[in-house]
file entry.tsv (TSV, C-alpha atoms)
chain	number	residue	atom	x	y	z
C	1	MET	CA	132.09	99.04	87.54
C	2	SER	CA	132.51	100.56	84.07
C	3	GLN	CA	131.34	104.11	83.44
C	4	LEU	CA	127.57	104.22	83.13
C	5	GLU	CA	126.27	105.33	79.78
C	6	LYS	CA	125.07	108.94	79.61
C	7	ASN	CA	122.25	109.69	77.15
C	8	SER	CA	123.94	108.23	74.11
C	9	HIS	CA	120.60	107.58	72.42
C	10	PRO	CA	117.93	110.01	73.68
C	11	ILE	CA	114.34	108.77	73.64
C	12	THR	CA	112.11	110.21	70.96
C	13	ASN	CA	109.69	112.86	72.16
C	14	SER	CA	106.70	110.69	71.30
C	15	ARG	CA	107.85	107.81	73.50
C	16	ARG	CA	108.81	110.17	76.34
C	17	ASP	CA	105.39	111.79	76.12
C	18	PHE	CA	103.78	108.34	76.05
C	19	LEU	CA	105.21	107.46	79.45
C	20	LYS	CA	104.02	110.77	80.91
C	21	THR	CA	100.47	110.21	79.72
C	22	ALA	CA	100.25	106.45	80.22
C	23	ALA	CA	98.69	106.73	83.67
C	24	ALA	CA	95.84	108.91	82.37
C	25	GLY	CA	92.36	107.57	81.53
C	26	ALA	CA	91.89	104.06	80.15
C	27	ILE	CA	92.22	103.57	76.41
C	28	VAL	CA	91.20	100.80	74.10
C	29	THR	CA	92.74	99.88	70.76
C	30	ALA	CA	90.77	101.09	67.79
C	31	GLY	CA	87.60	99.09	67.34
C	32	ALA	CA	88.06	97.08	70.55
C	33	PRO	CA	85.02	96.52	72.78
C	34	ALA	CA	84.72	97.75	76.33
C	35	ALA	CA	85.88	94.33	77.60
C	36	LEU	CA	89.45	95.31	76.70
C	37	ALA	CA	89.40	98.54	78.71
C	38	ILE	CA	92.46	98.77	80.92
C	39	THR	CA	91.90	97.62	84.48
C	40	ASP	CA	91.09	100.47	86.85
C	41	THR	CA	93.81	100.60	89.49
C	42	SER	CA	92.72	103.38	91.83
C	43	LYS	CA	95.29	102.59	94.53
C	44	LYS	CA	98.59	102.88	92.73
C	45	PRO	CA	101.93	102.16	94.43
C	46	ALA	CA	104.91	104.45	93.99
C	47	SER	CA	106.31	104.60	90.49
C	48	ALA	CA	108.65	101.68	89.89
C	49	GLU	CA	111.09	103.97	88.09
C	50	SER	CA	111.19	106.45	90.96
C	51	MET	CA	111.95	103.63	93.38
C	52	VAL	CA	114.74	102.36	91.12
C	53	LYS	CA	116.38	105.75	91.53
C	54	VAL	CA	116.06	105.48	95.31
C	55	LEU	CA	117.50	101.97	95.17
C	56	PHE	CA	120.41	103.05	92.97
C	57	ASP	CA	121.29	105.90	95.35
C	58	SER	CA	121.22	103.52	98.32
C	59	LEU	CA	123.81	101.17	96.82
C	60	SER	CA	127.44	101.48	97.83
C	61	ASP	CA	130.15	101.61	95.19
C	62	SER	CA	131.00	98.01	96.04
C	63	GLN	CA	127.40	96.92	95.53
C	64	LYS	CA	127.10	98.88	92.29
C	65	SER	CA	130.18	97.13	90.92
C	66	LYS	CA	128.28	93.83	91.11
C	67	VAL	CA	124.70	94.71	90.16
C	68	CYS	CA	124.91	97.89	88.03
C	69	PHE	CA	126.07	97.81	84.43
C	70	ASP	CA	126.37	99.90	81.29
C	71	TRP	CA	123.25	100.03	79.12
C	72	ASN	CA	124.79	97.73	76.50
C	73	HIS	CA	126.74	95.48	78.87
C	74	MET	CA	127.72	92.21	77.16
C	75	ASP	CA	128.03	89.05	79.22
C	76	SER	CA	130.59	86.54	77.96
C	77	ARG	CA	128.05	83.69	78.09
C	78	ARG	CA	124.69	85.39	77.83
C	79	GLY	CA	125.27	88.14	75.30
C	80	LEU	CA	123.46	91.46	75.80
C	81	LEU	CA	122.52	90.91	79.43
C	82	ARG	CA	119.84	93.61	79.62
C	83	THR	CA	117.60	91.86	77.06
C	84	ARG	CA	118.02	88.25	78.15
C	85	VAL	CA	114.94	86.26	79.15
C	86	ALA	CA	114.66	82.75	80.60
C	87	ASN	CA	112.28	80.70	82.71
C	88	ASN	CA	114.65	80.24	85.67
C	89	TRP	CA	117.77	82.36	86.02
C	90	MET	CA	119.65	84.93	88.08
C	91	VAL	CA	120.74	88.08	86.24
C	92	THR	CA	123.36	88.56	88.98
C	93	PRO	CA	124.56	86.07	91.64
C	94	GLN	CA	123.41	88.32	94.51
C	95	ASP	CA	120.24	86.87	96.04
C	96	ILE	CA	117.86	89.66	97.07
C	97	ASN	CA	117.37	88.10	100.51
C	98	SER	CA	121.10	87.65	101.13
C	99	ASN	CA	123.23	89.76	103.46
C	100	PHE	CA	124.58	91.52	100.38
C	101	TYR	CA	121.66	93.97	100.76
C	102	SER	CA	120.37	95.84	103.78
C	103	ASP	CA	116.82	95.47	105.07
C	104	GLU	CA	116.07	98.93	103.71
C	105	GLN	CA	117.36	98.01	100.27
C	106	ARG	CA	115.29	94.82	100.21
C	107	ASP	CA	112.24	96.91	101.10
C	108	ILE	CA	112.97	99.27	98.20
C	109	VAL	CA	113.34	96.34	95.77
C	110	ARG	CA	109.95	95.11	96.94
C	111	LYS	CA	108.43	98.53	96.20
C	112	VAL	CA	109.96	98.46	92.72
C	113	PHE	CA	108.33	95.08	92.11
C	114	GLU	CA	104.95	96.26	93.38
C	115	GLY	CA	105.18	99.23	91.03
C	116	MET	CA	105.74	96.93	88.04
C	117	VAL	CA	102.51	94.94	88.37
C	118	ASN	CA	98.79	95.59	88.65
C	119	PRO	CA	98.05	96.26	92.35
C	120	GLN	CA	95.18	93.78	92.11
C	121	TRP	CA	97.70	91.10	91.12
C	122	VAL	CA	100.32	91.60	93.84
C	123	SER	CA	98.81	88.87	96.02
C	124	LYS	CA	98.64	86.48	93.06
C	125	PHE	CA	102.28	87.08	92.19
C	126	ASP	CA	103.08	86.53	95.87
C	127	GLN	CA	101.29	83.18	95.73
C	128	GLN	CA	103.35	82.23	92.70
C	129	LEU	CA	106.57	83.27	94.43
C	130	ASP	CA	105.64	81.41	97.63
C	131	ASP	CA	104.98	78.22	95.67
C	132	ASP	CA	107.93	78.46	93.30
C	133	CYS	CA	110.80	79.87	95.33
C	134	GLY	CA	109.73	80.28	98.94
C	135	GLY	CA	108.59	83.89	98.76
C	136	PHE	CA	109.65	87.20	97.30
C	137	GLY	CA	113.41	87.72	97.23
C	138	HIS	CA	114.35	84.06	97.64
C	139	ASP	CA	116.43	82.81	94.71
C	140	GLN	CA	115.76	86.11	92.96
C	141	SER	CA	118.15	88.78	91.78
C	142	PHE	CA	118.12	92.13	90.01
C	143	ALA	CA	120.38	94.31	87.90
C	144	ILE	CA	120.29	97.97	86.89
C	145	PHE	CA	121.48	98.93	83.42
C	146	GLY	CA	122.36	102.56	82.76
C	147	ASN	CA	122.01	105.37	85.27
C	148	PRO	CA	118.45	105.84	86.63
C	149	HIS	CA	119.08	109.59	86.89
C	150	ASP	CA	119.57	109.73	83.13
C	151	GLU	CA	116.90	109.08	80.52
C	152	LYS	CA	118.19	105.64	79.59
C	153	PHE	CA	118.06	102.91	82.24
C	154	GLU	CA	116.42	99.57	82.96
C	155	PHE	CA	115.77	97.47	86.06
C	156	VAL	CA	115.58	93.70	85.49
C	157	LEU	CA	114.13	91.33	88.11
C	158	THR	CA	114.74	87.60	87.66
C	159	GLY	CA	114.25	84.25	89.36
C	160	ARG	CA	112.26	81.07	88.92
C	161	HIS	CA	109.27	81.71	86.70
C	162	MET	CA	109.94	85.45	86.49
C	163	THR	CA	111.72	87.91	84.23
C	164	LEU	CA	110.21	91.39	84.64
C	165	ARG	CA	111.50	94.82	83.65
C	166	CYS	CA	110.88	98.51	84.15
C	167	ASP	CA	112.67	101.07	82.04
C	168	GLY	CA	110.87	104.42	82.03
C	169	ASN	CA	110.43	103.81	78.29
C	170	SER	CA	114.20	103.79	77.74
C	171	ALA	CA	114.10	100.66	75.57
C	172	ASP	CA	112.86	102.04	72.28
C	173	SER	CA	110.11	100.27	70.29
C	174	VAL	CA	109.41	97.46	72.80
C	175	ALA	CA	106.71	96.80	75.40
C	176	PHE	CA	107.55	95.79	78.98
C	177	GLY	CA	111.11	97.07	78.46
C	178	GLY	CA	111.85	93.93	76.44
C	179	PRO	CA	110.86	90.25	76.49
C	180	ILE	CA	109.39	88.99	79.77
C	181	PHE	CA	108.50	85.65	81.31
C	182	TYR	CA	106.02	84.57	83.96
C	183	GLY	CA	104.87	81.16	85.17
C	184	HIS	CA	103.65	79.13	88.12
C	185	ALA	CA	103.93	75.54	89.36
C	186	PRO	CA	101.89	74.81	92.50
C	187	ILE	CA	102.92	71.25	91.59
C	188	ASP	CA	105.23	70.27	88.74
C	189	ASP	CA	102.72	68.04	86.93
C	190	GLU	CA	99.37	69.77	87.16
C	191	SER	CA	95.90	68.30	86.79
C	192	PRO	CA	93.65	69.23	83.85
C	193	ASP	CA	92.04	72.06	85.83
C	194	HIS	CA	95.41	73.42	87.00
C	195	GLU	CA	94.14	73.93	90.54
C	196	ASP	CA	95.69	76.92	92.36
C	197	ASN	CA	97.62	78.13	89.31
C	198	VAL	CA	97.22	81.89	89.33
C	199	PHE	CA	97.68	82.24	85.56
C	200	TRP	CA	95.50	79.36	84.34
C	201	ALA	CA	92.46	81.67	83.99
C	202	GLN	CA	94.20	83.15	80.95
C	203	ALA	CA	94.08	79.77	79.22
C	204	VAL	CA	90.47	79.25	80.27
C	205	GLN	CA	89.61	82.53	78.55
C	206	ALA	CA	91.54	81.56	75.40
C	207	ASN	CA	89.66	78.27	75.29
C	208	GLU	CA	86.40	80.23	75.34
C	209	VAL	CA	87.43	81.48	71.92
C	210	TYR	CA	88.10	77.91	70.78
C	211	LYS	CA	84.63	76.80	71.93
C	212	MET	CA	83.09	79.39	69.62
C	213	LEU	CA	84.89	78.12	66.52
C	214	ASP	CA	83.05	75.98	63.99
C	215	GLY	CA	84.48	72.73	62.66
C	216	ARG	CA	86.44	74.31	59.83
C	217	GLN	CA	87.87	76.99	62.08
C	218	ARG	CA	88.87	74.47	64.74
C	219	LYS	CA	90.73	72.43	62.17
C	220	ALA	CA	92.62	75.56	61.10
C	221	ALA	CA	93.38	76.59	64.69
C	222	GLN	CA	94.69	73.19	65.82
C	223	VAL	CA	98.42	72.61	65.43
C	224	LYS	CA	99.89	69.15	66.01
C	225	ARG	CA	103.15	70.12	67.64
C	226	THR	CA	104.00	72.76	70.23
C	227	PRO	CA	107.07	74.75	69.15
C	228	ARG	CA	110.06	75.19	71.42
C	229	GLU	CA	108.73	77.52	74.09
C	230	GLN	CA	111.76	79.82	73.92
C	231	ALA	CA	111.15	80.35	70.18
C	232	VAL	CA	109.49	83.75	70.45
C	233	ALA	CA	111.60	85.82	68.04
C	234	PHE	CA	109.56	87.95	65.65
C	235	LYS	CA	108.61	86.54	62.23
C	236	GLY	CA	107.60	89.80	60.56
C	237	LYS	CA	104.64	90.50	58.31
C	238	LYS	CA	105.53	87.69	55.89
C	239	GLY	CA	106.24	85.13	58.60
C	240	ASP	CA	105.17	81.49	58.42
C	241	PHE	CA	102.46	81.57	61.09
C	242	THR	CA	100.51	78.59	62.35
C	243	GLY	CA	96.88	78.46	63.42
C	244	ILE	CA	93.89	80.44	62.28
C	245	PRO	CA	94.21	84.04	61.07
C	246	VAL	CA	92.19	86.38	63.27
C	247	THR	CA	90.71	87.86	60.10
C	248	GLU	CA	88.83	84.57	59.67
C	249	LEU	CA	86.99	85.01	62.97
C	250	SER	CA	83.46	86.38	63.16
C	251	SER	CA	82.73	89.59	65.03
C	252	ASP	CA	81.57	87.79	68.18
C	253	GLN	CA	84.61	85.50	68.07
C	254	ARG	CA	86.89	88.52	67.74
C	255	GLN	CA	85.17	90.13	70.70
C	256	GLU	CA	85.96	87.03	72.78
C	257	LEU	CA	89.58	87.19	71.60
C	258	GLN	CA	89.71	90.82	72.71
C	259	LYS	CA	88.68	89.60	76.17
C	260	THR	CA	91.57	87.13	76.01
C	261	LEU	CA	94.00	89.90	75.15
C	262	GLY	CA	92.67	91.90	78.08
C	263	ALA	CA	93.23	88.92	80.39
C	264	LEU	CA	96.80	88.55	79.15
C	265	VAL	CA	97.87	92.11	79.90
C	266	GLN	CA	95.86	92.42	83.12
C	267	PRO	CA	98.59	91.27	85.58
C	268	PHE	CA	100.83	94.18	84.69
C	269	ARG	CA	100.82	97.88	85.52
C	270	GLU	CA	98.59	100.18	83.55
C	271	ALA	CA	101.39	101.91	81.60
C	272	ASP	CA	102.77	98.57	80.39
C	273	GLN	CA	99.30	97.33	79.45
C	274	LYS	CA	98.79	100.39	77.30
C	275	GLU	CA	102.21	100.26	75.69
C	276	ALA	CA	101.72	96.60	74.77
C	277	LEU	CA	98.42	97.45	73.08
C	278	GLU	CA	99.97	100.42	71.30
C	279	CYS	CA	102.75	98.21	69.95
C	280	LEU	CA	100.18	95.69	68.72
C	281	LYS	CA	98.14	98.44	67.11
C	282	ALA	CA	101.24	99.71	65.25
C	283	GLN	CA	101.57	96.37	63.45
C	284	GLY	CA	97.91	96.04	62.50
C	285	GLY	CA	96.24	94.98	65.76
C	286	LEU	CA	94.73	91.57	66.33
C	287	ASP	CA	93.83	91.37	62.64
C	288	ALA	CA	97.54	90.87	61.94
C	289	CYS	CA	97.70	87.90	64.32
C	290	HIS	CA	97.16	84.14	64.23
C	291	LEU	CA	95.79	81.95	67.04
C	292	SER	CA	97.13	78.42	67.55
C	293	PHE	CA	95.98	75.65	69.89
C	294	TYR	CA	98.53	72.84	70.22
C	295	THR	CA	97.13	69.31	70.43
C	296	ASP	CA	100.22	67.32	71.44
C	297	HIS	CA	100.15	68.06	75.18
C	298	ASP	CA	96.50	67.97	76.19
C	299	ILE	CA	96.41	67.22	79.92
C	300	GLY	CA	93.39	65.02	80.61
C	301	LYS	CA	92.63	64.64	76.88
C	302	ASP	CA	89.73	67.02	77.40
C	303	GLN	CA	90.37	69.35	74.45
C	304	VAL	CA	90.79	72.23	76.83
C	305	TRP	CA	94.07	73.18	75.22
C	306	ASP	CA	96.90	73.65	77.70
C	307	ASN	CA	99.36	75.03	75.14
C	308	TRP	CA	98.39	77.88	72.84
C	309	ARG	CA	99.84	80.96	71.22
C	310	LEU	CA	98.74	84.36	69.92
C	311	GLU	CA	101.24	85.69	67.40
C	312	GLY	CA	101.65	88.59	64.99
C	313	PRO	CA	104.49	90.23	63.05
C	314	ALA	CA	106.09	91.65	66.24
C	315	PHE	CA	103.83	90.14	68.88
C	316	VAL	CA	104.25	86.78	70.62
C	317	TRP	CA	102.29	85.58	73.64
C	318	HIS	CA	103.18	81.91	74.06
C	319	PHE	CA	101.28	80.05	76.79
C	320	ARG	CA	102.62	76.61	77.72
C	321	GLY	CA	100.34	74.99	80.27
C	322	ALA	CA	101.74	71.46	80.25
C	323	PRO	CA	103.05	70.18	82.62
C	324	HIS	CA	102.68	73.55	84.40
C	325	VAL	CA	102.45	77.14	83.26
C	326	HIS	CA	105.27	78.90	81.41
C	327	VAL	CA	104.43	82.09	79.52
C	328	TRP	CA	106.83	83.87	77.17
C	329	VAL	CA	106.01	87.40	75.99
C	330	ASN	CA	107.80	89.41	73.32
C	331	ILE	CA	106.18	92.56	71.90
C	332	ALA	CA	107.48	95.48	69.84
C	333	ASP	CA	106.08	98.05	67.45
C	334	ASN	CA	108.13	96.58	64.58
C	335	PRO	CA	109.64	93.14	63.86
C	336	LYS	CA	113.24	94.32	63.57
C	337	VAL	CA	113.84	94.13	67.32
C	338	LYS	CA	116.08	91.19	68.19
C	339	LEU	CA	115.48	88.68	70.99
C	340	ASN	CA	118.17	87.51	73.41
C	341	ALA	CA	116.88	84.28	74.99
call {"tool": "encode", "arguments": {"input": "entry.tsv", "output": "structure tokens"}}
result
Amino acid sequence: MSQLEKNSHPITNSRRDFLKTAAAGAIVTAGAPAALAITDTSKKPASAESMVKVLFDSLSDSQKSKVCFDWNHMDSRRGLLRTRVANNWMVTPQDINSNFYSDEQRDIVRKVFEGMVNPQWVSKFDQQLDDDCGGFGHDQSFAIFGNPHDEKFEFVLTGRHMTLRCDGNSADSVAFGGPIFYGHAPIDDESPDHEDNVFWAQAVQANEVYKMLDGRQRKAAQVKRTPREQAVAFKGKKGDFTGIPVTELSSDQRQELQKTLGALVQPFREADQKEALECLKAQGGLDACHLSFYTDHDIGKDQVWDNWRLEGPAFVWHFRGAPHVHVWVNIADNPKVKLNA
């Protein structure tokens, strides 16, 4: 293993302070209604970052040589490995449930995962993992970038329908430590109501916004062709956005969209929810965004839109519900951050 990077780019005080205060009382973006208040999670698991340190210390030198990397490690095929995102991939070849790890280490990895998500969503993520890969740890892998005992490090968890990160706010300017992915396929080709899909409620909420639109607004919001789902790089303030500008929504329609935003961030831990909202606020909030409903893959032809997208200058939440759910998320506080997909 190459020498782990040591504090080459210290975090700014403001971002370090943000992490320290993120678990304090719920906040709402300026002007947002109470519906967007961060989910109360009274029973919090151990900090994901603290468990990454325990995991790192438990690894032998041989194990570290295969799953621990420099902060800016470049893979010959995948580029900057720390920032890569995909719908089905292994960041390292070592399966979490293989004999490469001890039972104790697998238990620590599980605690890291539980610390990365909303405690109320652990069972839902477990359902997704059971359906998609046979349970937590099966066909999943992780990598650690940087040294967890320094200020700059990141843990990346990958597998089918999952790319999640925790970084202790090491990755400057971005939410969730970088781009993430989540999805679910109870069956590959789902019915119009997406029975048993744990994430479909997010689309149901987004379609509540669509129901409130008048004829002119619906015409503006409808887009004939779904873009390539991996196309979630930032477009900037002058980007060519599709769909209806949020500024063209009425106050009650905006309130419903705020509920949608709350539903989108809900599966994740409180600190990441807040950081995502802070990043969005830095670029102008929802008023800087556009909302698109794609009409080319409407399962059941019921105009309950399976594919839709909320997008701003440095904010992309792309929901692909046909034939099953894939969700790509990329959020920063400025559009200069590059995507590695």
call {"tool": "residues_near_point", "arguments": {"input": "entry.tsv", "point": "(116.0, 94.8, 63.9)", "cutoff": "12 Å", "atoms": "only C-alpha atoms", "output": "number ranges by chain"}}
result
C: 172-174, 233-236, 314, 332-339
call {"tool": "closest_residue", "arguments": {"input": "entry.tsv", "among": "C:His194, C:Arg320, C:Arg269, C:Lys111", "to": "Ala175 (chain C)", "atoms": "only C-alpha atoms"}}
result
C:Arg269
call {"tool": "atom_distance", "arguments": {"input": "entry.tsv", "atom1": "CA of Val112 (chain C)", "atom2": "CA of Glu49 (chain C)"}}
result
7.3 Å
call {"tool": "residues_around", "arguments": {"input": "entry.tsv", "residues": "Gly321 (chain C)", "least_positions_apart": "6", "cutoff": "10 Å", "atoms": "only C-alpha atoms", "output": "list of chain:residue names"}}
result
C:Gly183, C:His184, C:Ala185, C:Asp189, C:Glu190, C:Pro192, C:His194, C:Asn197, C:Phe199, C:Trp200, C:Ala203, C:His297, C:Asp298, C:Ile299, C:Trp305, C:Asp306, C:Asn307, C:Trp308, C:Val327
call {"tool": "closest_residue", "arguments": {"input": "entry.tsv", "among": "C:Phe319, C:Trp121, C:Phe56, C:Trp89", "to": "Ala206 (chain C)", "atoms": "all atoms listed in the file"}}
result
C:Phe319
call {"tool": "atom_distance", "arguments": {"input": "entry.tsv", "atom1": "CA of Pro245 (chain C)", "atom2": "CA of His324 (chain C)"}}
result
26.9 Å
call {"tool": "residues_around", "arguments": {"input": "entry.tsv", "residues": "Phe113 (chain C)", "least_positions_apart": "6", "cutoff": "9 Å", "atoms": "all atoms listed in the file", "output": "list of chain:residue names"}}
result
C:Ala48, C:Val122, C:Leu157, C:Leu164
call {"tool": "closest_residue", "arguments": {"input": "entry.tsv", "among": "C:Asp107, C:Asp252, C:Glu154, C:Asp95", "to": "Ser141 (chain C)", "atoms": "all atoms listed in the file"}}
result
C:Asp95
call {"tool": "decode", "arguments": {"input": "entry.tsv", "residues": "region 31-111 of chain C", "atoms": "C-alpha atoms", "output": "mmCIF file, in the first residue's frame"}}
result
data_model
loop_
_atom_site.group_PDB
_atom_site.id
_atom_site.type_symbol
_atom_site.label_atom_id
_atom_site.label_comp_id
_atom_site.auth_asym_id
_atom_site.auth_seq_id
_atom_site.Cartn_x
_atom_site.Cartn_y
_atom_site.Cartn_z
ATOM 1 C CA GLY C 31 -38.449 29.908 3.789
ATOM 2 C CA ALA C 32 -39.151 26.153 3.829
ATOM 3 C CA PRO C 33 -42.282 24.911 5.610
ATOM 4 C CA ALA C 34 -42.275 22.602 8.585
ATOM 5 C CA ALA C 35 -42.807 19.620 6.254
ATOM 6 C CA LEU C 36 -39.117 19.787 5.336
ATOM 7 C CA ALA C 37 -37.900 19.614 8.935
ATOM 8 C CA ILE C 38 -35.208 16.974 9.302
ATOM 9 C CA THR C 39 -36.470 13.624 10.536
ATOM 10 C CA ASP C 40 -36.123 13.201 14.293
ATOM 11 C CA THR C 41 -33.818 10.259 14.924
ATOM 12 C CA SER C 42 -33.759 9.910 18.699
ATOM 13 C CA LYS C 43 -31.992 6.536 18.703
ATOM 14 C CA LYS C 44 -28.772 7.210 16.858
ATOM 15 C CA PRO C 45 -26.213 4.482 16.124
ATOM 16 C CA ALA C 46 -22.505 5.039 16.672
ATOM 17 C CA SER C 47 -20.932 7.630 14.418
ATOM 18 C CA ALA C 48 -20.061 6.096 11.063
ATOM 19 C CA GLU C 49 -16.748 7.954 11.050
ATOM 20 C CA SER C 50 -15.779 6.674 14.493
ATOM 21 C CA MET C 51 -16.500 3.119 13.373
ATOM 22 C CA VAL C 52 -14.382 3.604 10.244
ATOM 23 C CA LYS C 53 -11.463 4.355 12.544
ATOM 24 C CA VAL C 54 -12.140 1.160 14.495
ATOM 25 C CA LEU C 55 -12.366 -0.770 11.233
ATOM 26 C CA PHE C 56 -9.128 0.722 9.911
ATOM 27 C CA ASP C 57 -7.271 -0.205 13.111
ATOM 28 C CA SER C 58 -8.590 -3.773 12.906
ATOM 29 C CA LEU C 59 -7.177 -4.368 9.425
ATOM 30 C CA SER C 60 -3.855 -6.125 9.011
ATOM 31 C CA ASP C 61 -1.173 -4.646 6.777
ATOM 32 C CA SER C 62 -2.037 -7.273 4.179
ATOM 33 C CA GLN C 63 -5.706 -6.301 4.252
ATOM 34 C CA LYS C 64 -4.892 -2.593 4.103
ATOM 35 C CA SER C 65 -2.790 -3.158 0.998
ATOM 36 C CA LYS C 66 -5.950 -4.296 -0.820
ATOM 37 C CA VAL C 67 -8.710 -2.044 0.528
ATOM 38 C CA CYS C 68 -6.986 1.149 1.755
ATOM 39 C CA PHE C 69 -5.712 3.789 -0.642
ATOM 40 C CA ASP C 70 -4.308 7.291 -0.836
ATOM 41 C CA TRP C 71 -6.893 10.081 -0.877
ATOM 42 C CA ASN C 72 -6.325 10.756 -4.587
ATOM 43 C CA HIS C 73 -5.728 7.159 -5.681
ATOM 44 C CA MET C 74 -6.143 6.795 -9.455
ATOM 45 C CA ASP C 75 -7.389 3.515 -10.882
ATOM 46 C CA SER C 76 -6.095 2.661 -14.356
ATOM 47 C CA ARG C 77 -9.629 1.969 -15.639
ATOM 48 C CA ARG C 78 -11.883 3.961 -13.356
ATOM 49 C CA GLY C 79 -9.978 7.175 -12.797
ATOM 50 C CA LEU C 80 -10.193 8.823 -9.367
ATOM 51 C CA LEU C 81 -11.546 5.810 -7.510
ATOM 52 C CA ARG C 82 -12.790 7.685 -4.439
ATOM 53 C CA THR C 83 -15.374 9.671 -6.439
ATOM 54 C CA ARG C 84 -16.643 6.965 -8.771
ATOM 55 C CA VAL C 85 -20.352 6.096 -8.746
ATOM 56 C CA ALA C 86 -22.230 3.340 -10.572
ATOM 57 C CA ASN C 87 -25.416 1.318 -10.227
ATOM 58 C CA ASN C 88 -23.698 -2.060 -9.755
ATOM 59 C CA TRP C 89 -19.997 -2.284 -8.965
ATOM 60 C CA MET C 90 -17.342 -3.358 -6.481
ATOM 61 C CA VAL C 91 -14.867 -0.680 -5.411
ATOM 62 C CA THR C 92 -12.498 -3.519 -4.420
ATOM 63 C CA PRO C 93 -12.699 -7.243 -5.299
ATOM 64 C CA GLN C 94 -12.955 -8.269 -1.625
ATOM 65 C CA ASP C 95 -16.544 -9.297 -0.859
ATOM 66 C CA ILE C 96 -17.537 -8.170 2.643
ATOM 67 C CA ASN C 97 -18.906 -11.628 3.462
ATOM 68 C CA SER C 98 -15.799 -13.447 2.223
ATOM 69 C CA ASN C 99 -13.142 -15.037 4.410
ATOM 70 C CA PHE C 100 -10.940 -12.035 3.649
ATOM 71 C CA TYR C 101 -12.519 -10.372 6.717
ATOM 72 C CA SER C 102 -13.080 -11.654 10.220
ATOM 73 C CA ASP C 103 -16.517 -11.866 11.813
ATOM 74 C CA GLU C 104 -15.591 -8.910 13.993
ATOM 75 C CA GLN C 105 -14.586 -6.828 10.992
ATOM 76 C CA ARG C 106 -17.827 -7.653 9.181
ATOM 77 C CA ASP C 107 -19.722 -6.538 12.283
ATOM 78 C CA ILE C 108 -17.831 -3.234 12.286
ATOM 79 C CA VAL C 109 -18.600 -2.670 8.587
ATOM 80 C CA ARG C 110 -22.259 -3.228 9.393
ATOM 81 C CA LYS C 111 -22.078 -0.583 12.134
#
